[in-house]
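First up is the structure itself, then whatever we jot down about it.
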Amino acid sequence: MNKETVAVNPLFARPGEKAKAEKFRIPDDPMLPETAYQIVHDEIMLDGNSRLNQATFVGTWMDSHASKLYTEAFDKNMIDKDEYPQTAEIEDRCWKMLADLWHAPDPTGTIGTSTIGSSEACMLAGLTFKRRWQLARRAAGKPADKPNLVMSSAVQVVWEKFCNYWDVEARYVPISEEHKTLDGHDLASYVDENTIGVVAILGVTYTGMYEPVAKVSDALDAIQRDTGLDIPIHVDGASGAMVAPFLQPDLVWDFRLERVHSINTSGHKYGLVFPGLGWVVWRSADLLPEDLIFRVSYLGGDMPTFALNFSRPGAQVLLQYYQFLRQGRTGYRAVQKASQDVARFLADEIAGMDAFELWNDGSDIPVFAWRQKAGHTENWSLYDLSDRLRMKGWQVPAYPMPDNLNDLTVQRIVVRNGLSMDLASSLLNDIRTSVRFLDDLDGPMPSEGHNSGFHH
């Protein structure tokens with residue numbers, strides 16, 4: 001078999017067409033659409049089944065009306081606000097709805113934007129922190145060349161990227177068995193006059209746990225009383241900002257805390273939209289420096305824009321608005337509660353197995369992690385269980401925890417809309433069957449080359 005070509009099955013090749021297509025060079029001649037479609041269609045059969053992927057937070061299902069709307073709007077370019085003014089208007093409505101959901105003091109008077117995903121949203125929030133800090137330092141006649149950002153060691157990789165790309169020192173507060181999240185403990189040791197902000201995560205990627213934003217805010221209040229340093233918080237609510245308002249409405253984590261300047265979320269996670277869509281909203285418009293905003297006029301009006309990307313799809317914004325209308329607050333609560341019920345069911349059942357103990361139980365976002373119980377066996381690890389489950393079609397990642405806990409391996413399940421209780425029972429049966437198989441081994445599984453196959 002030639003590795004440089006793709007074979008065309010003679011059953012769907014048309015008369016006169018070539019029997020092979022080059023892999024790494026655009027062909028000289030065209031191919032009939034039916035043949036090209038079949039080649040691509042057959043290639044992607046090798047992908048995993050997205051509904052059985054318990055590694056990803058990203059949504060994998062929308063209803064038929066959403067799919068119809070998607071096909072009607074996939075040609076809309078979000079940046080062309082003069083050409084698609086109603087899409088621009090709907091974008092504006094969506095982030096104002098989020099500002100209201102997150103208790104902004106004046107939801108219609110603040111500012112926000114859609115993004116390709118939470119990664120871009122986090123970049124914009126971090127850039128805002130840096131620019132505000134620079135402007136304040138220069139106005140005070142102080143140097144503005146050594147900014148730092150404080151966050152948990154369990155932070156999502158986007159924040160490492162932000163600090164790398166934008167020349168900001170990353171200061172990681174290590175998590176531990178005692179302090180499983182960034183909870184304000186010893187925060188004073190990490191902040192100083194060059195700290196542009198603190199990131200709190202509402203739904204840690206490793207485990208799904210909420211970081212207690214109010215405790216972090218209290219710790220920063222105490223630091224300000226002692227030192228005069230007024231340090232803002234950004235809440236990375238990629239997952240939790242679309243869960244907490246519906247499942248834990250009394251939890252104070254959002255703009256009810258004055259120290260929270262900005263919040264991001266992923267519309268394509270628990271916002272229930274196909275990828276890729278993110279949102280970022282500021283507590284008030286004055287927190288976004290004017291020199292970061294570009295203004296685009298449309299229909300004689302003025303539309304402020306703040307984004308890293310230029311051309312990007314507008315369809316997902318319309319899908320988010322569709323979901324806001326379709327679900328309402330009651331619908332969102334029902335969907336997220338159903339996912340949480342499945343997560344708690346799975347967590348309880350896994351906790352009851354002799355081989356495991358939970359790290360957390362899925363009572364925050366519908367995500368939980370577990371580890372192998374100490375002394376259970378030397379013959380297999382969670383990586384082996386992950387491999388066995390993949391043979392059944394399930395993707396349930398195993399991976400090491402971050403620094404200070406990197407000798408600890410956990411396994412994690414993300415429950416999203418679409419994982420029914422029936423599917424969860426099938427997953428549970430496959431976990432039990434796999435554990436029985438592994439427990440019956442007479443000797444250790446080969447461990448060389450174990451790779452989690454998972455990246456945050």
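Chain labels run A, B, ... following the order of the structure tokens; each chain numbers its residues from 1, and ligands are numbered from 1 in the order shown.
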Write out, as CSV, each residue of region 179-231 of chain A that has an atom at most 10 Å from region 414-417 of chain A, together with the closest pair of atoms and their distance in Å to one decimal, counting only C-alpha atoms, rows going by chain and rising number.
```
residue,atom,partner,partner_atom,distance
A:Thr205,CA,A:Val414,CA,9.7
A:Thr207,CA,A:Val414,CA,9.1
A:Gly208,CA,A:Val414,CA,8.2
```
Dump N, CA, C and O atoms for the selected residues as a PDB file, in the first residue's frame?
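To be explicit, this is the file written out as again10.pdb:
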```
ATOM      1  N   THR A 205     -10.435  21.835  35.168  1.00  0.00           N
ATOM      2  CA  THR A 205     -10.404  20.862  34.083  1.00  0.00           C
ATOM      3  C   THR A 205     -10.021  19.476  34.567  1.00  0.00           C
ATOM      4  O   THR A 205     -10.570  18.472  34.109  1.00  0.00           O
ATOM      5  N   THR A 207     -10.578  17.977  37.395  1.00  0.00           N
ATOM      6  CA  THR A 207     -11.488  17.269  38.292  1.00  0.00           C
ATOM      7  C   THR A 207     -12.930  17.751  38.240  1.00  0.00           C
ATOM      8  O   THR A 207     -13.825  17.041  38.717  1.00  0.00           O
ATOM      9  N   GLY A 208     -13.187  18.951  37.728  1.00  0.00           N
ATOM     10  CA  GLY A 208     -14.533  19.504  37.715  1.00  0.00           C
ATOM     11  C   GLY A 208     -14.904  20.289  38.950  1.00  0.00           C
ATOM     12  O   GLY A 208     -16.018  20.813  39.052  1.00  0.00           O
TER      13      GLY A 208
END
```
(message) Can you pull out the residues contacting region 189-204 of chain A? Cut-off 7 Å, using only C-alpha atoms, and skip same-chain residues under 5 positions away; I want them as an MDAnalysis selection string.
(response) chainID A and resid 129:130 133 146:151 154:155 171 209:211 213 229 231:237 239:241 365
(message) Which residues are close to Pro402 (chain A), i.e. within 9 Å by only C-alpha atoms, leaving aside same-chain residues fewer than 3 positions away? Reply as a list in words.
(response) Ser153, Ala154, Val155, Pro174, Ile175, Tyr206, Leu405, Asn406, Asp407 and Leu408 of chain A
(request) DSSP on the backbone, then: every residue of region 109-268 of chain A marked helix (DSSP H, G or I), written as a ChimeraX atom specification. (result) /A:118-139,157-165,187-189,213-227,240-242,244-247
Export C-alpha atoms of the chosen residues as an mmCIF file, in the first residue's frame?
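Output contents, as saved in selection.cif:
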```
data_model
loop_
_atom_site.group_PDB
_atom_site.id
_atom_site.type_symbol
_atom_site.label_atom_id
_atom_site.label_comp_id
_atom_site.auth_asym_id
_atom_site.auth_seq_id
_atom_site.Cartn_x
_atom_site.Cartn_y
_atom_site.Cartn_z
ATOM 1 C CA SER A 118 -12.937 30.046 26.007
ATOM 2 C CA SER A 119 -9.276 30.095 25.005
ATOM 3 C CA GLU A 120 -9.728 33.341 23.084
ATOM 4 C CA ALA A 121 -12.000 34.674 25.825
ATOM 5 C CA CYS A 122 -9.324 33.994 28.460
ATOM 6 C CA MET A 123 -6.684 35.674 26.302
ATOM 7 C CA LEU A 124 -8.860 38.798 26.070
ATOM 8 C CA ALA A 125 -9.507 38.846 29.818
ATOM 9 C CA GLY A 126 -5.810 38.400 30.577
ATOM 10 C CA LEU A 127 -4.849 41.072 28.067
ATOM 11 C CA THR A 128 -7.306 43.440 29.732
ATOM 12 C CA PHE A 129 -5.717 42.782 33.121
ATOM 13 C CA LYS A 130 -2.266 43.459 31.707
ATOM 14 C CA ARG A 131 -3.268 46.667 29.931
ATOM 15 C CA ARG A 132 -5.111 48.083 32.974
ATOM 16 C CA TRP A 133 -2.098 47.306 35.169
ATOM 17 C CA GLN A 134 0.295 48.930 32.680
ATOM 18 C CA LEU A 135 -1.815 52.072 32.405
ATOM 19 C CA ALA A 136 -2.046 52.391 36.198
ATOM 20 C CA ARG A 137 1.674 51.809 36.697
ATOM 21 C CA ARG A 138 2.668 54.353 34.051
ATOM 22 C CA ALA A 139 0.235 56.910 35.435
ATOM 23 C CA VAL A 157 -3.332 25.193 29.543
ATOM 24 C CA VAL A 158 -4.757 28.345 27.949
ATOM 25 C CA TRP A 159 -3.441 30.364 30.892
ATOM 26 C CA GLU A 160 0.040 28.961 30.389
ATOM 27 C CA LYS A 161 -0.290 29.995 26.760
ATOM 28 C CA PHE A 162 -1.463 33.477 27.712
ATOM 29 C CA CYS A 163 1.507 34.058 29.986
ATOM 30 C CA ASN A 164 3.897 32.741 27.324
ATOM 31 C CA TYR A 165 2.402 34.694 24.429
ATOM 32 C CA LEU A 187 -2.202 33.687 48.521
ATOM 33 C CA ALA A 188 -0.241 36.564 50.022
ATOM 34 C CA SER A 189 2.985 34.690 49.241
ATOM 35 C CA VAL A 213 -14.163 32.439 44.355
ATOM 36 C CA ALA A 214 -15.614 34.143 47.421
ATOM 37 C CA LYS A 215 -12.772 32.787 49.603
ATOM 38 C CA VAL A 216 -10.208 33.977 47.060
ATOM 39 C CA SER A 217 -11.897 37.384 47.072
ATOM 40 C CA ASP A 218 -11.833 37.476 50.886
ATOM 41 C CA ALA A 219 -8.116 36.633 50.860
ATOM 42 C CA LEU A 220 -7.461 39.457 48.409
ATOM 43 C CA ASP A 221 -9.528 41.821 50.583
ATOM 44 C CA ALA A 222 -7.262 40.966 53.513
ATOM 45 C CA ILE A 223 -4.175 41.487 51.358
ATOM 46 C CA GLN A 224 -5.467 44.902 50.307
ATOM 47 C CA ARG A 225 -6.060 45.877 53.931
ATOM 48 C CA ASP A 226 -2.511 44.854 54.803
ATOM 49 C CA THR A 227 -0.627 46.096 51.735
ATOM 50 C CA GLY A 240 -19.148 26.201 35.521
ATOM 51 C CA ALA A 241 -20.464 29.612 34.519
ATOM 52 C CA MET A 242 -23.234 27.833 32.601
ATOM 53 C CA ALA A 244 -23.664 27.214 38.735
ATOM 54 C CA PRO A 245 -26.431 29.772 37.964
ATOM 55 C CA PHE A 246 -28.864 26.881 37.451
ATOM 56 C CA LEU A 247 -27.713 24.191 39.877
#
```
(message) Residues of region 91-200 of chain A classed as strand (DSSP E) by DSSP on the backbone are to be reported as a ChimeraX atom specification.
(response) /A:112-115,148-152,169-173,195-200
Output file for the selection above: N, CA, C and O atoms, as a PDB file, in the first residue's frame:
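Final output, again.pdb:
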```pdb
ATOM      1  N   GLY A 112     -19.174  43.041  26.453  1.00  0.00           N
ATOM      2  CA  GLY A 112     -18.755  41.658  26.316  1.00  0.00           C
ATOM      3  C   GLY A 112     -18.615  41.323  24.850  1.00  0.00           C
ATOM      4  O   GLY A 112     -18.851  42.165  23.979  1.00  0.00           O
ATOM      5  N   THR A 113     -18.251  40.092  24.565  1.00  0.00           N
ATOM      6  CA  THR A 113     -18.111  39.680  23.171  1.00  0.00           C
ATOM      7  C   THR A 113     -18.166  38.164  23.074  1.00  0.00           C
ATOM      8  O   THR A 113     -17.879  37.456  24.040  1.00  0.00           O
ATOM      9  N   SER A 114     -18.556  37.700  21.905  1.00  0.00           N
ATOM     10  CA  SER A 114     -18.404  36.281  21.609  1.00  0.00           C
ATOM     11  C   SER A 114     -16.987  36.040  21.117  1.00  0.00           C
ATOM     12  O   SER A 114     -16.298  36.961  20.670  1.00  0.00           O
ATOM     13  N   THR A 115     -16.540  34.792  21.207  1.00  0.00           N
ATOM     14  CA  THR A 115     -15.202  34.410  20.762  1.00  0.00           C
ATOM     15  C   THR A 115     -15.287  33.018  20.123  1.00  0.00           C
ATOM     16  O   THR A 115     -16.336  32.379  20.148  1.00  0.00           O
ATOM     17  N   ASN A 148       2.842  39.848  36.484  1.00  0.00           N
ATOM     18  CA  ASN A 148       2.639  38.439  36.802  1.00  0.00           C
ATOM     19  C   ASN A 148       1.158  38.159  37.008  1.00  0.00           C
ATOM     20  O   ASN A 148       0.371  39.053  37.320  1.00  0.00           O
ATOM     21  N   LEU A 149       0.793  36.912  36.802  1.00  0.00           N
ATOM     22  CA  LEU A 149      -0.593  36.460  36.958  1.00  0.00           C
ATOM     23  C   LEU A 149      -0.583  35.252  37.883  1.00  0.00           C
ATOM     24  O   LEU A 149       0.214  34.329  37.702  1.00  0.00           O
ATOM     25  N   VAL A 150      -1.474  35.249  38.879  1.00  0.00           N
ATOM     26  CA  VAL A 150      -1.504  34.187  39.887  1.00  0.00           C
ATOM     27  C   VAL A 150      -2.686  33.263  39.619  1.00  0.00           C
ATOM     28  O   VAL A 150      -3.809  33.721  39.360  1.00  0.00           O
ATOM     29  N   MET A 151      -2.418  31.952  39.704  1.00  0.00           N
ATOM     30  CA  MET A 151      -3.453  30.969  39.400  1.00  0.00           C
ATOM     31  C   MET A 151      -3.087  29.635  40.039  1.00  0.00           C
ATOM     32  O   MET A 151      -1.969  29.434  40.508  1.00  0.00           O
ATOM     33  N   SER A 152      -4.012  28.710  40.012  1.00  0.00           N
ATOM     34  CA  SER A 152      -3.786  27.369  40.532  1.00  0.00           C
ATOM     35  C   SER A 152      -2.851  26.590  39.620  1.00  0.00           C
ATOM     36  O   SER A 152      -2.817  26.799  38.404  1.00  0.00           O
ATOM     37  N   GLU A 169       4.629  36.758  33.729  1.00  0.00           N
ATOM     38  CA  GLU A 169       5.127  35.690  34.588  1.00  0.00           C
ATOM     39  C   GLU A 169       3.944  34.918  35.182  1.00  0.00           C
ATOM     40  O   GLU A 169       3.046  35.514  35.793  1.00  0.00           O
ATOM     41  N   ALA A 170       3.934  33.604  34.993  1.00  0.00           N
ATOM     42  CA  ALA A 170       2.893  32.763  35.583  1.00  0.00           C
ATOM     43  C   ALA A 170       3.316  32.333  36.981  1.00  0.00           C
ATOM     44  O   ALA A 170       4.388  31.754  37.160  1.00  0.00           O
ATOM     45  N   ARG A 171       2.485  32.605  37.962  1.00  0.00           N
ATOM     46  CA  ARG A 171       2.749  32.171  39.331  1.00  0.00           C
ATOM     47  C   ARG A 171       1.684  31.165  39.741  1.00  0.00           C
ATOM     48  O   ARG A 171       0.499  31.508  39.856  1.00  0.00           O
ATOM     49  N   TYR A 172       2.118  29.929  39.937  1.00  0.00           N
ATOM     50  CA  TYR A 172       1.200  28.836  40.203  1.00  0.00           C
ATOM     51  C   TYR A 172       1.150  28.518  41.692  1.00  0.00           C
ATOM     52  O   TYR A 172       2.176  28.241  42.307  1.00  0.00           O
ATOM     53  N   VAL A 173      -0.043  28.546  42.241  1.00  0.00           N
ATOM     54  CA  VAL A 173      -0.256  28.118  43.623  1.00  0.00           C
ATOM     55  C   VAL A 173      -0.537  26.617  43.583  1.00  0.00           C
ATOM     56  O   VAL A 173      -1.535  26.183  43.001  1.00  0.00           O
ATOM     57  N   THR A 195       1.395  42.078  40.277  1.00  0.00           N
ATOM     58  CA  THR A 195       0.339  41.104  39.974  1.00  0.00           C
ATOM     59  C   THR A 195      -0.807  41.799  39.258  1.00  0.00           C
ATOM     60  O   THR A 195      -1.431  42.709  39.795  1.00  0.00           O
ATOM     61  N   ILE A 196      -1.092  41.348  38.039  1.00  0.00           N
ATOM     62  CA  ILE A 196      -2.151  41.973  37.240  1.00  0.00           C
ATOM     63  C   ILE A 196      -3.520  41.421  37.592  1.00  0.00           C
ATOM     64  O   ILE A 196      -4.545  42.058  37.315  1.00  0.00           O
ATOM     65  N   GLY A 197      -3.559  40.230  38.198  1.00  0.00           N
ATOM     66  CA  GLY A 197      -4.834  39.638  38.567  1.00  0.00           C
ATOM     67  C   GLY A 197      -4.645  38.220  39.064  1.00  0.00           C
ATOM     68  O   GLY A 197      -3.559  37.645  39.005  1.00  0.00           O
ATOM     69  N   VAL A 198      -5.753  37.669  39.561  1.00  0.00           N
ATOM     70  CA  VAL A 198      -5.811  36.271  40.004  1.00  0.00           C
ATOM     71  C   VAL A 198      -6.900  35.584  39.198  1.00  0.00           C
ATOM     72  O   VAL A 198      -7.988  36.133  39.006  1.00  0.00           O
ATOM     73  N   VAL A 199      -6.594  34.386  38.718  1.00  0.00           N
ATOM     74  CA  VAL A 199      -7.580  33.586  37.987  1.00  0.00           C
ATOM     75  C   VAL A 199      -8.179  32.554  38.924  1.00  0.00           C
ATOM     76  O   VAL A 199      -7.450  31.790  39.571  1.00  0.00           O
ATOM     77  N   ALA A 200      -9.497  32.532  39.022  1.00  0.00           N
ATOM     78  CA  ALA A 200     -10.210  31.496  39.768  1.00  0.00           C
ATOM     79  C   ALA A 200     -11.010  30.671  38.769  1.00  0.00           C
ATOM     80  O   ALA A 200     -11.620  31.221  37.848  1.00  0.00           O
TER      81      ALA A 200
END
```
(message) Report, in Å to a single decimal, how far apart CA of Tyr270 (chain A) and CA of Ser67 (chain A) are.
(response)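 These atoms are spaced 17.4 Å apart.
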(message) List as a ChimeraX atom specification the protein and nucleic acid residues near Asp422 (chain A), meaning an atom at most 12 Å away when only C-alpha atoms are counted, but skip any in the same chain fewer than 4 places from it.
(response) /A:342,345-346,418,426-429
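Of the listed residues A:Leu277, A:Ile431, A:Ile413, A:Ala36, the one whose atoms come nearest to Leu318 (chain A) is A:Leu277, with distances taken using only C-alpha atoms.
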